[in-house]
$ cat protein-v2.cif   # mmCIF, C-alpha atoms
data_query
#
loop_
_atom_site.label_atom_id
_atom_site.label_comp_id
_atom_site.auth_asym_id
_atom_site.auth_seq_id
_atom_site.Cartn_x
_atom_site.Cartn_y
_atom_site.Cartn_z
CA MET S 436 132.22 81.57 173.48
CA THR S 437 128.58 80.70 173.54
CA VAL S 438 126.27 80.61 170.58
CA THR S 439 124.42 83.62 172.07
CA GLU S 440 127.66 85.58 172.16
CA ALA S 441 128.37 84.58 168.59
CA MET S 442 124.87 85.68 167.57
CA LYS S 443 125.43 89.03 169.27
CA ALA S 444 128.71 89.47 167.45
CA LYS S 445 127.14 88.51 164.16
CA ARG S 446 124.24 90.93 164.69
CA PHE S 447 126.66 93.70 165.63
CA GLY S 448 128.68 93.07 162.49
CA GLU S 449 125.56 93.21 160.35
CA MET S 450 124.28 96.40 161.94
CA ALA S 451 127.46 98.41 162.54
CA LEU S 452 129.90 97.49 159.80
CA PRO S 453 127.77 98.85 156.91
CA HIS S 454 128.21 102.30 158.48
CA LEU S 455 131.99 102.10 158.49
CA ASN S 456 132.34 104.74 155.78
CA ALA S 457 130.04 107.15 157.62
CA ALA S 458 132.01 106.58 160.83
CA TYR S 459 135.34 107.08 159.10
CA ASN S 460 134.16 110.13 157.15
CA LEU S 461 133.02 111.84 160.35
CA ALA S 462 136.20 111.01 162.29
CA ARG S 463 138.34 112.04 159.34
CA TRP S 464 136.60 115.40 158.97
CA LEU S 465 136.87 116.09 162.69
CA THR S 466 140.54 115.12 163.06
CA HIS S 467 142.03 115.98 159.62
CA SER S 468 144.15 112.85 159.94
CA ASP S 469 143.83 109.48 158.21
CA GLN S 470 145.72 107.65 160.89
CA ASP S 471 143.89 109.25 163.81
CA ALA S 472 140.55 108.65 162.12
CA GLN S 473 141.36 104.97 161.67
CA ASP S 474 142.41 104.56 165.29
CA ILE S 475 139.37 106.46 166.53
CA VAL S 476 136.95 104.45 164.40
CA GLN S 477 138.47 101.20 165.54
CA GLU S 478 138.22 102.26 169.17
CA ALA S 479 134.66 103.49 168.63
CA TYR S 480 133.63 100.12 167.20
CA LEU S 481 135.10 98.34 170.19
CA ARG S 482 133.16 100.67 172.49
CA ALA S 483 130.02 100.22 170.44
CA PHE S 484 130.32 96.45 170.70
CA LYS S 485 130.68 96.75 174.45
CA PHE S 486 127.48 98.80 174.68
CA PHE S 487 125.64 96.88 171.99
CA ASP S 488 123.39 95.18 174.55
CA GLY S 489 122.03 98.60 175.46
CA PHE S 490 121.08 99.44 171.90
CA HIS S 491 117.42 98.72 171.18
CA GLY S 492 116.65 101.31 168.54
CA ASN S 493 116.57 100.84 164.81
CA ASP S 494 118.81 103.72 163.77
CA ALA S 495 122.16 102.00 164.06
CA ARG S 496 123.89 104.67 162.04
CA ALA S 497 122.96 107.53 164.38
CA TRP S 498 123.76 105.37 167.41
CA LEU S 499 127.17 104.44 166.01
CA LEU S 500 127.99 107.98 164.84
CA ALA S 501 127.22 109.31 168.33
CA ILE S 502 129.83 106.90 169.71
CA VAL S 503 132.31 107.85 166.98
CA ARG S 504 131.74 111.52 167.79
CA ASN S 505 132.27 111.02 171.52
CA THR S 506 135.38 108.96 170.91
CA THR S 507 136.69 111.68 168.60
CA TYR S 508 136.05 114.44 171.13
CA THR S 509 137.78 112.47 173.86
CA TRP S 510 140.71 112.09 171.50
CA LEU S 511 140.66 115.79 170.56
CA GLN S 512 140.74 116.76 174.23
CA GLN S 513 143.75 114.55 174.76
CA ASN S 514 145.45 116.18 171.78
CA ARG S 515 144.31 119.72 172.45
CA ASN S 516 146.51 121.40 169.89
CA HIS S 517 144.35 119.94 167.13
CA VAL S 518 141.13 121.44 168.40
CA HIS S 519 141.53 125.01 167.29
CA SER S 520 141.56 125.60 163.61
CA VAL S 521 144.09 128.08 162.41
CA PHE S 522 141.51 130.39 160.92
CA PHE S 523 139.15 130.36 163.84
CA ASP S 524 139.65 133.68 165.55
CA GLU S 525 137.47 136.52 166.72
CA ASP S 526 138.31 138.76 163.78
CA PHE S 527 137.09 136.14 161.43
CA HIS S 528 133.84 135.85 163.34
CA ASP S 529 133.19 139.55 163.48
CA LEU S 530 133.93 139.99 159.84
CA ASN S 531 131.67 137.15 158.98
CA GLU S 532 128.77 138.29 161.11
CA ALA S 533 128.93 141.70 159.46
CA ASP S 534 129.06 140.13 156.06
CA SER S 535 126.25 137.75 156.65
CA ALA S 536 123.90 140.54 157.64
CA THR S 537 124.09 141.90 154.13
CA LEU S 538 124.19 138.51 152.54
CA CYS S 539 121.02 138.74 150.48
CA ASP S 540 122.00 142.13 149.01
CA GLN S 541 125.05 140.72 147.32
CA PRO S 542 124.30 138.50 144.36
CA ASP S 543 128.04 138.15 143.73
CA ASN S 544 128.26 136.01 146.83
CA ASN S 545 126.67 133.12 145.04
CA PRO S 546 128.93 130.16 145.81
CA ALA S 547 128.20 128.65 142.44
CA ALA S 548 129.79 131.72 140.87
CA ILE S 549 132.72 131.57 143.30
CA LEU S 550 133.28 127.91 142.64
CA ALA S 551 132.96 128.40 138.91
CA ARG S 552 135.70 131.02 139.07
CA ASN S 553 137.98 128.59 140.77
CA ASP S 554 138.17 125.07 139.53
CA ASP S 555 140.39 123.97 142.37
CA LYS S 556 138.65 120.86 143.58
CA ARG S 557 140.21 121.22 146.98
CA LEU S 558 138.76 124.68 147.57
CA LEU S 559 135.62 123.48 149.29
CA ASP S 560 137.51 120.93 151.32
CA ARG S 561 139.94 123.56 152.51
CA ALA S 562 137.14 125.95 153.43
CA LEU S 563 135.30 123.24 155.33
CA GLU S 564 138.49 122.16 157.07
CA GLN S 565 138.95 125.66 158.43
CA LEU S 566 135.58 125.81 160.12
CA PRO S 567 135.48 125.40 163.90
CA VAL S 568 134.78 121.80 164.73
CA GLU S 569 131.25 122.31 166.09
CA PHE S 570 130.10 123.82 162.77
CA ARG S 571 132.10 121.38 160.69
CA GLU S 572 130.49 118.40 162.33
CA VAL S 573 126.89 119.49 161.75
CA LEU S 574 127.68 120.37 158.14
CA VAL S 575 129.34 117.00 157.52
CA LEU S 576 126.44 115.15 159.13
CA ARG S 577 123.88 117.19 157.22
CA GLU S 578 125.42 117.56 153.77
CA LEU S 579 127.54 114.45 153.47
CA GLU S 580 125.45 112.01 155.49
CA ASP S 581 122.05 113.51 154.69
CA LEU S 582 120.96 113.15 158.29
CA SER S 583 117.87 114.88 159.62
CA TYR S 584 118.02 117.58 162.30
CA LYS S 585 116.62 115.04 164.74
CA GLU S 586 119.36 112.53 164.02
CA ILE S 587 122.05 115.21 164.20
CA SER S 588 120.57 116.41 167.48
CA HIS S 589 120.86 112.86 168.82
CA ILE S 590 124.42 112.36 167.56
CA ALA S 591 125.80 115.71 168.71
CA GLY S 592 123.74 115.74 171.91
CA ILE S 593 122.29 119.21 171.23
CA PRO S 594 118.68 120.46 170.84
CA ILE S 595 117.18 120.56 167.36
CA GLY S 596 117.08 124.37 167.52
CA THR S 597 120.82 124.40 168.10
CA VAL S 598 121.34 122.06 165.15
CA MET S 599 119.52 124.55 162.96
CA SER S 600 121.38 127.61 164.23
CA ARG S 601 124.74 125.86 163.96
CA LEU S 602 124.00 124.81 160.41
CA ALA S 603 123.00 128.35 159.50
CA ARG S 604 126.06 129.86 161.13
CA GLY S 605 128.29 127.14 159.71
CA ARG S 606 127.08 127.88 156.21
CA ARG S 607 127.67 131.60 156.67
CA LEU S 608 131.18 130.92 157.92
CA LEU S 609 131.83 128.59 155.04
CA GLN S 610 130.65 131.19 152.59
CA ALA S 611 132.87 133.86 154.16
CA CYS S 612 135.74 131.46 154.06
CA LEU S 613 135.24 130.74 150.37
CA GLU S 614 135.12 134.45 149.65
CA ARG S 615 138.32 135.04 151.57
CA MET S 616 140.06 132.35 149.60
CA ASN S 617 139.17 133.95 146.27
CA MET L 1174 105.88 136.23 156.62
CA ASP L 1175 108.44 139.04 156.71
CA CYS L 1176 112.05 139.01 155.48
CA LYS L 1177 113.56 138.69 158.95
CA ARG L 1178 111.52 135.61 159.79
CA THR L 1179 112.16 134.18 156.33
CA LEU L 1180 115.92 134.50 156.65
CA GLU L 1181 115.75 132.88 160.09
CA LEU L 1182 113.89 129.89 158.75
CA LEU L 1183 115.79 129.73 155.48
CA PRO L 1184 118.23 126.98 156.53
CA ALA L 1185 115.44 124.79 157.86
CA HIS L 1186 113.46 125.36 154.70
CA LEU L 1187 116.50 124.47 152.66
CA ASP L 1188 116.92 121.28 154.64
CA GLN L 1189 113.21 120.49 154.33
CA GLU L 1190 112.82 120.46 158.06
CA LEU L 1191 109.89 122.87 158.24
CA GLY L 1192 106.32 121.81 158.75
CA LEU L 1193 103.94 122.03 155.82
CA PRO L 1194 102.21 125.33 156.77
CA GLU L 1195 105.48 127.20 157.36
CA SER L 1196 106.94 125.70 154.22
CA ARG L 1197 104.07 127.04 152.16
CA GLU L 1198 104.43 130.51 153.68
CA MET L 1199 108.13 130.46 152.87
CA ASP L 1200 107.51 129.51 149.27
CA GLN L 1201 105.00 132.31 148.90
CA HIS L 1202 107.40 134.87 150.34
CA LEU L 1203 110.32 133.71 148.24
CA GLN L 1204 108.27 134.05 145.09
CA THR L 1205 107.54 137.68 145.85
CA CYS L 1206 110.78 138.88 147.53
CA ALA L 1207 113.83 139.03 145.28
CA ALA L 1208 116.29 139.65 148.12
CA CYS L 1209 115.16 136.62 150.09
CA HIS L 1210 115.06 134.56 146.94
CA ASN L 1211 118.66 135.51 146.23
CA ALA L 1212 119.64 134.45 149.72
CA PHE L 1213 117.83 131.18 149.24
CA ALA L 1214 119.51 130.57 145.87
CA SER L 1215 122.87 131.42 147.35
CA GLN L 1216 122.50 129.05 150.30
CA SER L 1217 121.07 126.40 148.08
CA ALA L 1218 124.05 126.64 145.75
CA LEU L 1219 126.42 126.43 148.69
CA ARG L 1220 124.65 123.39 150.04
CA ASP L 1221 124.77 121.71 146.64
CA ALA L 1222 128.45 122.56 146.30
CA VAL L 1223 129.26 120.97 149.65
CA LYS L 1224 127.15 117.91 148.89
CA GLN L 1225 128.73 117.42 145.51
CA ARG L 1226 132.26 118.64 145.92
CA ALA L 1227 133.35 118.15 149.49
CA THR L 1228 135.32 114.95 149.87
CA TYR L 1229 133.52 111.98 151.31
CA PHE L 1230 136.30 110.03 152.94
CA GLN L 1231 135.97 106.32 152.33
CA ALA L 1232 137.27 104.03 155.04
CA PRO L 1233 140.53 102.31 154.02
CA ILE L 1234 139.99 98.78 152.80
CA ASP L 1235 141.87 97.17 155.65
CA LEU L 1236 140.01 99.08 158.38
CA GLU L 1237 137.10 96.65 158.36
CA SER L 1238 139.40 93.65 158.71
CA ARG L 1239 141.31 95.45 161.48
CA ILE L 1240 138.06 96.04 163.34
CA ARG L 1241 136.91 92.48 162.74
CA ALA L 1242 140.23 91.26 164.11
CA ALA L 1243 139.99 93.51 167.17
CA LEU L 1244 136.41 92.51 167.88
CA PRO L 1245 135.68 89.01 169.05
CA LEU L 1246 133.63 88.57 165.89
CA GLU L 1247 135.59 86.06 163.91
CA PRO L 1248 136.57 83.43 166.47
CA GLU L 1249 133.10 83.45 168.00
CA ILE L 1250 131.39 82.98 164.71
CA ALA L 1251 133.91 80.32 163.84
CA ALA L 1252 133.31 78.55 167.16
CA ALA L 1253 129.56 78.74 166.72
CA THR L 1254 129.64 77.41 163.21
CA ALA L 1255 132.13 74.73 164.14
CA LYS L 1256 129.68 73.40 166.69
CA ARG L 1257 127.00 73.12 164.09
CA ARG L 1258 129.21 71.74 161.36
CA PRO L 1259 129.12 67.96 160.89
CA TRP L 1260 132.27 65.96 161.60
CA GLN L 1261 134.75 66.30 158.79
CA TRP L 1262 137.02 63.32 159.09
CA GLY L 1263 139.46 64.08 156.29
CA SER L 1264 140.33 67.64 157.23
CA TRP L 1265 140.51 66.77 160.95
CA ASN L 1266 142.90 63.93 160.30
CA TRP L 1267 145.31 66.05 158.30
CA LEU L 1268 145.10 68.83 160.82
CA ASN L 1269 146.01 66.47 163.63
CA ALA L 1270 148.82 64.89 161.68
CA GLY L 1271 150.21 68.34 160.94
CA THR L 1272 149.93 69.43 164.55
CA MET L 1273 151.64 66.25 165.71
CA LEU L 1274 154.47 66.68 163.26
CA ALA L 1275 154.93 70.30 164.32
CA SER L 1276 154.98 69.30 168.00
CA LEU L 1277 157.50 66.58 167.30
CA VAL L 1278 159.78 68.99 165.46
CA VAL L 1279 159.57 71.44 168.35
CA LEU L 1280 160.25 68.66 170.87
CA VAL L 1281 163.32 67.39 169.04
CA TRP L 1282 164.58 70.90 168.55
CA SER L 1283 164.23 71.85 172.21
CA ALA L 1284 165.88 68.59 173.26
CA GLY L 1285 168.75 69.46 170.95
CA LEU L 1286 168.97 72.93 172.46
CA TYR L 1287 168.92 71.46 175.95
CA LEU L 1288 171.72 69.03 175.19
CA ALA L 1289 173.74 71.67 173.37
CA THR L 1290 173.57 74.07 176.32
CA PRO L 1291 176.89 73.95 178.15
CA SER L 1292 176.73 72.86 181.78
CA PRO L 1293 177.76 75.34 184.50
CA ASN L 1294 181.05 73.49 184.98
CA GLU L 1295 181.88 73.70 181.29
CA LEU L 1296 181.23 77.42 181.36
CA LEU L 1297 183.36 77.78 184.46
CA ALA L 1298 186.16 75.76 182.85
CA GLU L 1299 186.12 78.18 179.94
CA GLU L 1300 186.37 81.06 182.40
CA VAL L 1301 189.29 79.41 184.16
CA VAL L 1302 191.14 78.89 180.88
CA SER L 1303 190.56 82.52 179.87
CA SER L 1304 191.73 83.76 183.23
CA HIS L 1305 194.82 81.57 183.13
CA VAL L 1306 195.76 82.69 179.64
CA ARG L 1307 195.20 86.32 180.57
CA SER L 1308 197.34 86.02 183.67
CA LEU L 1309 200.23 84.77 181.55
CA MET L 1310 199.67 87.26 178.76
CA VAL L 1311 199.52 90.68 180.35
CA ASN L 1312 202.32 90.30 182.85
CA HIS L 1313 199.81 90.21 185.62
CA LEU L 1314 200.58 86.88 187.14
CA ALA L 1315 200.69 88.01 190.74
CA ASP L 1316 199.46 91.02 192.69
CA VAL L 1317 201.70 89.96 195.50
CA ALA L 1318 204.87 88.27 194.26
CA SER L 1319 206.36 86.32 197.09
CA SER L 1320 207.31 82.78 197.85
CA ASP L 1321 206.58 83.45 201.49
CA GLN L 1322 203.20 82.07 202.51
CA HIS L 1323 203.21 84.47 205.46
CA THR L 1324 203.35 87.37 203.04
CA VAL L 1325 200.83 86.04 200.53
CA LYS L 1326 198.13 84.81 202.90
CA PRO L 1327 197.74 88.10 204.87
CA TRP L 1328 197.72 90.04 201.61
CA PHE L 1329 194.30 88.56 200.82
CA ASP L 1330 192.88 89.84 204.11
CA GLY L 1331 190.42 92.63 203.44
CA LYS L 1332 190.42 91.87 199.77
CA LEU L 1333 188.37 88.72 200.05
CA ASP L 1334 185.64 87.59 202.38
CA PHE L 1335 187.48 84.38 203.08
CA SER L 1336 191.01 83.27 203.79
CA PRO L 1337 192.46 80.87 201.26
CA PRO L 1338 194.87 78.16 202.37
CA VAL L 1339 198.33 79.24 201.23
CA ALA L 1340 201.48 77.13 201.56
CA ASP L 1341 204.93 77.31 200.05
CA LEU L 1342 205.60 73.96 198.48
CA THR L 1343 209.19 74.56 197.37
CA ALA L 1344 210.27 71.45 199.19
CA GLN L 1345 207.86 69.35 197.14
CA GLY L 1346 209.06 70.98 193.87
CA PHE L 1347 206.23 73.53 193.58
CA PRO L 1348 207.59 76.89 194.72
CA LEU L 1349 204.96 79.58 195.40
CA VAL L 1350 205.22 82.47 192.95
CA GLY L 1351 202.59 84.71 194.45
CA GLY L 1352 198.93 85.48 194.68
CA ARG L 1353 196.39 87.74 193.04
CA LEU L 1354 192.73 88.54 192.99
CA ASP L 1355 190.65 87.21 190.17
CA TYR L 1356 187.02 87.01 189.22
CA LEU L 1357 185.36 83.70 188.47
CA ASP L 1358 181.91 82.22 188.79
CA HIS L 1359 180.46 85.71 189.49
CA ARG L 1360 182.63 86.38 192.51
CA SER L 1361 186.11 87.45 193.61
CA VAL L 1362 188.40 84.52 194.10
CA ALA L 1363 191.94 83.94 195.28
CA ALA L 1364 194.40 82.89 192.64
CA LEU L 1365 197.61 81.25 193.87
CA VAL L 1366 200.44 80.81 191.43
CA TYR L 1367 202.85 77.90 191.75
CA ARG L 1368 205.73 76.97 189.53
CA HIS L 1369 207.04 73.57 188.59
CA ARG L 1370 210.23 73.79 186.58
CA LEU L 1371 209.24 76.29 183.84
CA HIS L 1372 205.50 75.61 184.07
CA LEU L 1373 203.21 77.99 185.87
CA ILE L 1374 200.19 76.72 187.69
CA ASN L 1375 197.16 78.79 188.65
CA VAL L 1376 195.16 77.51 191.60
CA TYR L 1377 191.83 79.29 192.07
CA ILE L 1378 190.19 79.00 195.44
CA TRP L 1379 186.84 80.25 196.69
CA PRO L 1380 184.27 79.15 199.25
CA ALA L 1381 181.91 76.46 198.05
CA ALA L 1382 178.18 77.15 197.90
CA ASN L 1383 177.64 74.09 200.07
CA GLU L 1384 179.77 71.92 202.29
CA ARG L 1385 179.39 68.89 200.08
CA GLN L 1386 182.65 67.52 198.82
CA THR L 1387 182.91 66.93 195.11
CA ALA L 1388 185.24 64.40 193.65
CA LEU L 1389 188.21 65.29 191.56
CA HIS L 1390 187.47 65.99 187.92
CA ASN L 1391 189.97 66.56 185.23
CA LEU L 1392 189.59 67.89 181.75
CA SER L 1393 191.67 69.31 178.96
CA ILE L 1394 190.86 72.47 177.07
CA GLN L 1395 193.09 74.01 174.40
CA GLY L 1396 196.10 72.05 175.56
CA TYR L 1397 195.67 73.05 179.21
CA HIS L 1398 194.93 70.55 181.90
CA LEU L 1399 192.34 71.44 184.45
CA LEU L 1400 191.57 69.78 187.74
CA HIS L 1401 188.78 70.79 190.02
CA TRP L 1402 187.35 69.55 193.27
CA SER L 1403 185.87 70.91 196.42
CA GLU L 1404 186.92 70.11 199.89
CA ALA L 1405 186.58 71.54 203.38
CA GLY L 1406 184.13 74.18 202.12
CA MET L 1407 186.43 75.42 199.37
CA VAL L 1408 186.28 75.05 195.64
CA TYR L 1409 189.61 74.44 193.91
CA TRP L 1410 190.29 74.88 190.24
CA MET L 1411 193.79 74.19 189.04
CA ILE L 1412 195.07 74.84 185.54
CA SER L 1413 198.45 74.55 183.85
CA ASP L 1414 200.19 73.30 180.77
CA LEU L 1415 202.08 70.96 183.08
CA ASN L 1416 201.61 67.27 182.43
CA PRO L 1417 198.64 65.66 184.22
CA HIS L 1418 200.87 63.43 186.31
CA ASP L 1419 202.75 66.30 187.97
CA LEU L 1420 199.53 68.27 188.36
CA MET L 1421 198.08 65.29 190.13
CA THR L 1422 201.02 65.35 192.51
CA LEU L 1423 200.31 68.97 193.40
CA THR L 1424 196.64 68.17 193.82
CA ARG L 1425 197.45 65.41 196.32
CA ILE L 1426 199.69 67.79 198.28
CA LEU L 1427 197.00 70.49 198.41
CA GLN L 1428 194.33 67.99 199.37
CA ALA L 1429 196.50 66.55 202.15
CA GLN L 1430 197.22 70.06 203.37
CA ALA L 1431 193.55 71.01 203.41
CA GLN L 1432 192.73 67.92 205.43
CA ARG L 1433 195.51 68.68 207.88
CA THR L 1434 194.44 72.25 208.46
CA PRO L 1435 190.74 72.61 207.90
CA SER L 1436 189.87 76.24 207.35
#

$ encode --input "protein-v2.cif" --output "structure tokens"
Amino acid sequence: MTVTEAMKAKRFGEMALPHLNAAYNLARWLTHSDQDAQDIVQEAYLRAFKFFDGFHGNDARAWLLAIVRNTTYTWLQQNRNHVHSVFFDEDFHDLNEADSATLCDQPDNNPAAILARNDDKRLLDRALEQLPVEFREVLVLRELEDLSYKEISHIAGIPIGTVMSRLARGRRLLQACLERMN
Amino acid sequence: MDCKRTLELLPAHLDQELGLPESREMDQHLQTCAACHNAFASQSALRDAVKQRATYFQAPIDLESRIRAALPLEPEIAAATAKRRPWQWGSWNWLNAGTMLASLVVLVWSAGLYLATPSPNELLAEEVVSSHVRSLMVNHLADVASSDQHTVKPWFDGKLDFSPPVADLTAQGFPLVGGRLDYLDHRSVAALVYRHRLHLINVYIWPAANERQTALHNLSIQGYHLLHWSEAGMVYWMISDLNPHDLMTLTRILQAQAQRTPS
């Protein structure tokens, strides 16, 4: 245990540990499980420490979240039955695409109105939980972490244009989901 | 900017990801087009609802300590700071004293354990006693009940991988009762049963692990007298409630016999 090693560890702790909540929130939203999220985050931090020498940027949060995301996806692939949300089926998509085309003609679709009608605090959580994982992740990163398209593009490994289209589609799906629940 | 293009760019506008010129165009269109403005308001409300009402999961309190424990963070920092820290005589002294005391306790304890562990012979003696008691208890003294050594000795053939010395010692006051198979010291052994007056004597015989002779030992367990020795490549264990003097007599006879006819 050299002093250099100790310095590295100290620097890692200072840079990565403040983003623990962001890491956990992402893993938790992607897996729906407290225990899995904890295990994944712990594993992701161990991986991140291993690759810390290769990190020269200044956006530690995006760097760490990319590792958390990859770790989560590896885990999801190993536990395939968790990947597909119950509500994610073709019917749902078709219905939603039809609905979204006429979105701006229907003032009743205002989510504020929907949410006001239903004071169930869990409603939004349940709707978000039901989204397919690729839409859920961009929404969580955008709305809950306030990350830019560029950062999301880096974390999810997709072009910025795809970030935008996934966010748009994700929001439409979420809206349709909220309507269905009412 | 038309409605189609506006709706396409709406999410980016909402997320403030558009460049300044496009952003201005969007604003202008939204001010004039009610339908697009509705869409914008709707998406904006949805975004606000998610931001404000969707659960932000906080990491459990112990997760950070779990990660710190799994990472080599703590010991390395501790090692690094220890190097820099000046010598602290008081705390070091107490630490050493404590460590020494702990080591001493462990040492004494393991010595006690070592001494308390029964030796192989003591374990075997217990086995012999159990076997002897069992042989008297369950009416299973002899598999082959015969005082004829020429009946008993061949009976062991094929049942054991050795041939035990068998002799009828009626003339010397120790008539042969019979023989049986038994299991001692993790192997099948020959058990010969002799009688002296009303006392039964079990003599267990099996090949020794080495040719070395071991001297005669005697011990008493639960009122039984045990004698054991090895000779001519065989281990002998003898047990009975007979008095040690008479047992000794039998031992001498068996020893003399073994020397006369080495197996």

$ resolve_selection --input "protein-v2.cif" --expression "the PyMOL selection byres ((chain L) within 7 of (chain S))" --output "CSV table (one decimal) with C-alpha atoms, in the frame of the given file"
chain,number,residue,atom,x,y,z
L,1184,PRO,CA,118.2,127.0,156.5
L,1185,ALA,CA,115.4,124.8,157.9
L,1208,ALA,CA,116.3,139.6,148.1
L,1209,CYS,CA,115.2,136.6,150.1
L,1211,ASN,CA,118.7,135.5,146.2
L,1212,ALA,CA,119.6,134.4,149.7
L,1215,SER,CA,122.9,131.4,147.4
L,1218,ALA,CA,124.0,126.6,145.8
L,1219,LEU,CA,126.4,126.4,148.7
L,1220,ARG,CA,124.6,123.4,150.0
L,1223,VAL,CA,129.3,121.0,149.6
L,1224,LYS,CA,127.2,117.9,148.9
L,1226,ARG,CA,132.3,118.6,145.9
L,1227,ALA,CA,133.4,118.2,149.5
L,1228,THR,CA,135.3,115.0,149.9
L,1229,TYR,CA,133.5,112.0,151.3
L,1230,PHE,CA,136.3,110.0,152.9
L,1231,GLN,CA,136.0,106.3,152.3
L,1232,ALA,CA,137.3,104.0,155.0
L,1236,LEU,CA,140.0,99.1,158.4
L,1240,ILE,CA,138.1,96.0,163.3
L,1244,LEU,CA,136.4,92.5,167.9
L,1246,LEU,CA,133.6,88.6,165.9
L,1249,GLU,CA,133.1,83.4,168.0
L,1250,ILE,CA,131.4,83.0,164.7
L,1253,ALA,CA,129.6,78.7,166.7

$ atom_distance --input "protein-v2.cif" --atom1 "atom CA of Thr1422 of chain L" --atom2 "atom CA of His1369 of chain L"
10.9 Å

$ atom_distance --input "protein-v2.cif" --atom1 "atom CA of Gln1345 of chain L" --atom2 "atom CA of His1398 of chain L"
20.0 Å

$ atom_distance --input "protein-v2.cif" --atom1 "atom CA of Met1407 of chain L" --atom2 "atom CA of His1313 of chain L"
24.2 Å

$ resolve_selection --input "protein-v2.cif" --expression "the PyMOL selection byres ((chain S and resi 499-512) around 7)" --output "PyMOL selection string"
chain S and resi 451+458+462+475-476+479+483+495-498+513-515+517-518+590-591

$ closest_residue --input "protein-v2.cif" --among "S:Gly489, S:Met616, S:Asp471, S:Ile595" --to "Gln565 of chain S" --atoms "only C-alpha atoms"
S:Met616

$ resolve_selection --input "protein-v2.cif" --expression "the PyMOL selection byres ((chain L and resi 1396) around 12)" --output "list in words"
Val1302, Val1306, Leu1392, Ser1393, Ile1394, Gln1395, Tyr1397, His1398, Leu1399, Ile1412, Ser1413, Asp1414, Leu1415, Asn1416 and Pro1417 of chain L

$ residues_near_point --input "protein-v2.cif" --point "(203.2, 86.8, 195.7)" --cutoff "7 Å" --atoms "all atoms listed in the file" --output "number ranges by chain"
L: 1315-1320, 1325, 1350-1352

$ residues_near_point --input "protein-v2.cif" --point "(184.3, 86.3, 192.4)" --cutoff "12 Å" --atoms "only C-alpha atoms" --output "PDB file with C-alpha atoms, in the coordinates of the input"
ATOM      1  CA  LEU L1297     183.360  77.780 184.460  1.00  0.00           C
ATOM      2  CA  GLU L1300     186.370  81.060 182.400  1.00  0.00           C
ATOM      3  CA  VAL L1301     189.290  79.410 184.160  1.00  0.00           C
ATOM      4  CA  LYS L1332     190.420  91.870 199.770  1.00  0.00           C
ATOM      5  CA  LEU L1333     188.370  88.720 200.050  1.00  0.00           C
ATOM      6  CA  ASP L1334     185.640  87.590 202.380  1.00  0.00           C
ATOM      7  CA  PHE L1335     187.480  84.380 203.080  1.00  0.00           C
ATOM      8  CA  LEU L1354     192.730  88.540 192.990  1.00  0.00           C
ATOM      9  CA  ASP L1355     190.650  87.210 190.170  1.00  0.00           C
ATOM     10  CA  TYR L1356     187.020  87.010 189.220  1.00  0.00           C
ATOM     11  CA  LEU L1357     185.360  83.700 188.470  1.00  0.00           C
ATOM     12  CA  ASP L1358     181.910  82.220 188.790  1.00  0.00           C
ATOM     13  CA  HIS L1359     180.460  85.710 189.490  1.00  0.00           C
ATOM     14  CA  ARG L1360     182.630  86.380 192.510  1.00  0.00           C
ATOM     15  CA  SER L1361     186.110  87.450 193.610  1.00  0.00           C
ATOM     16  CA  VAL L1362     188.400  84.520 194.100  1.00  0.00           C
ATOM     17  CA  ALA L1363     191.940  83.940 195.280  1.00  0.00           C
ATOM     18  CA  ALA L1364     194.400  82.890 192.640  1.00  0.00           C
ATOM     19  CA  TYR L1377     191.830  79.290 192.070  1.00  0.00           C
ATOM     20  CA  ILE L1378     190.190  79.000 195.440  1.00  0.00           C
ATOM     21  CA  TRP L1379     186.840  80.250 196.690  1.00  0.00           C
ATOM     22  CA  PRO L1380     184.270  79.150 199.250  1.00  0.00           C
ATOM     23  CA  ALA L1381     181.910  76.460 198.050  1.00  0.00           C
ATOM     24  CA  VAL L1408     186.280  75.050 195.640  1.00  0.00           C
TER      25      VAL L1408
END

$ closest_residue --input "protein-v2.cif" --among "L:Val1279, L:Ala1284, L:Met1174, L:Met1411" --to "Gln1201 of chain L" --atoms "all atoms listed in the file"
L:Met1174
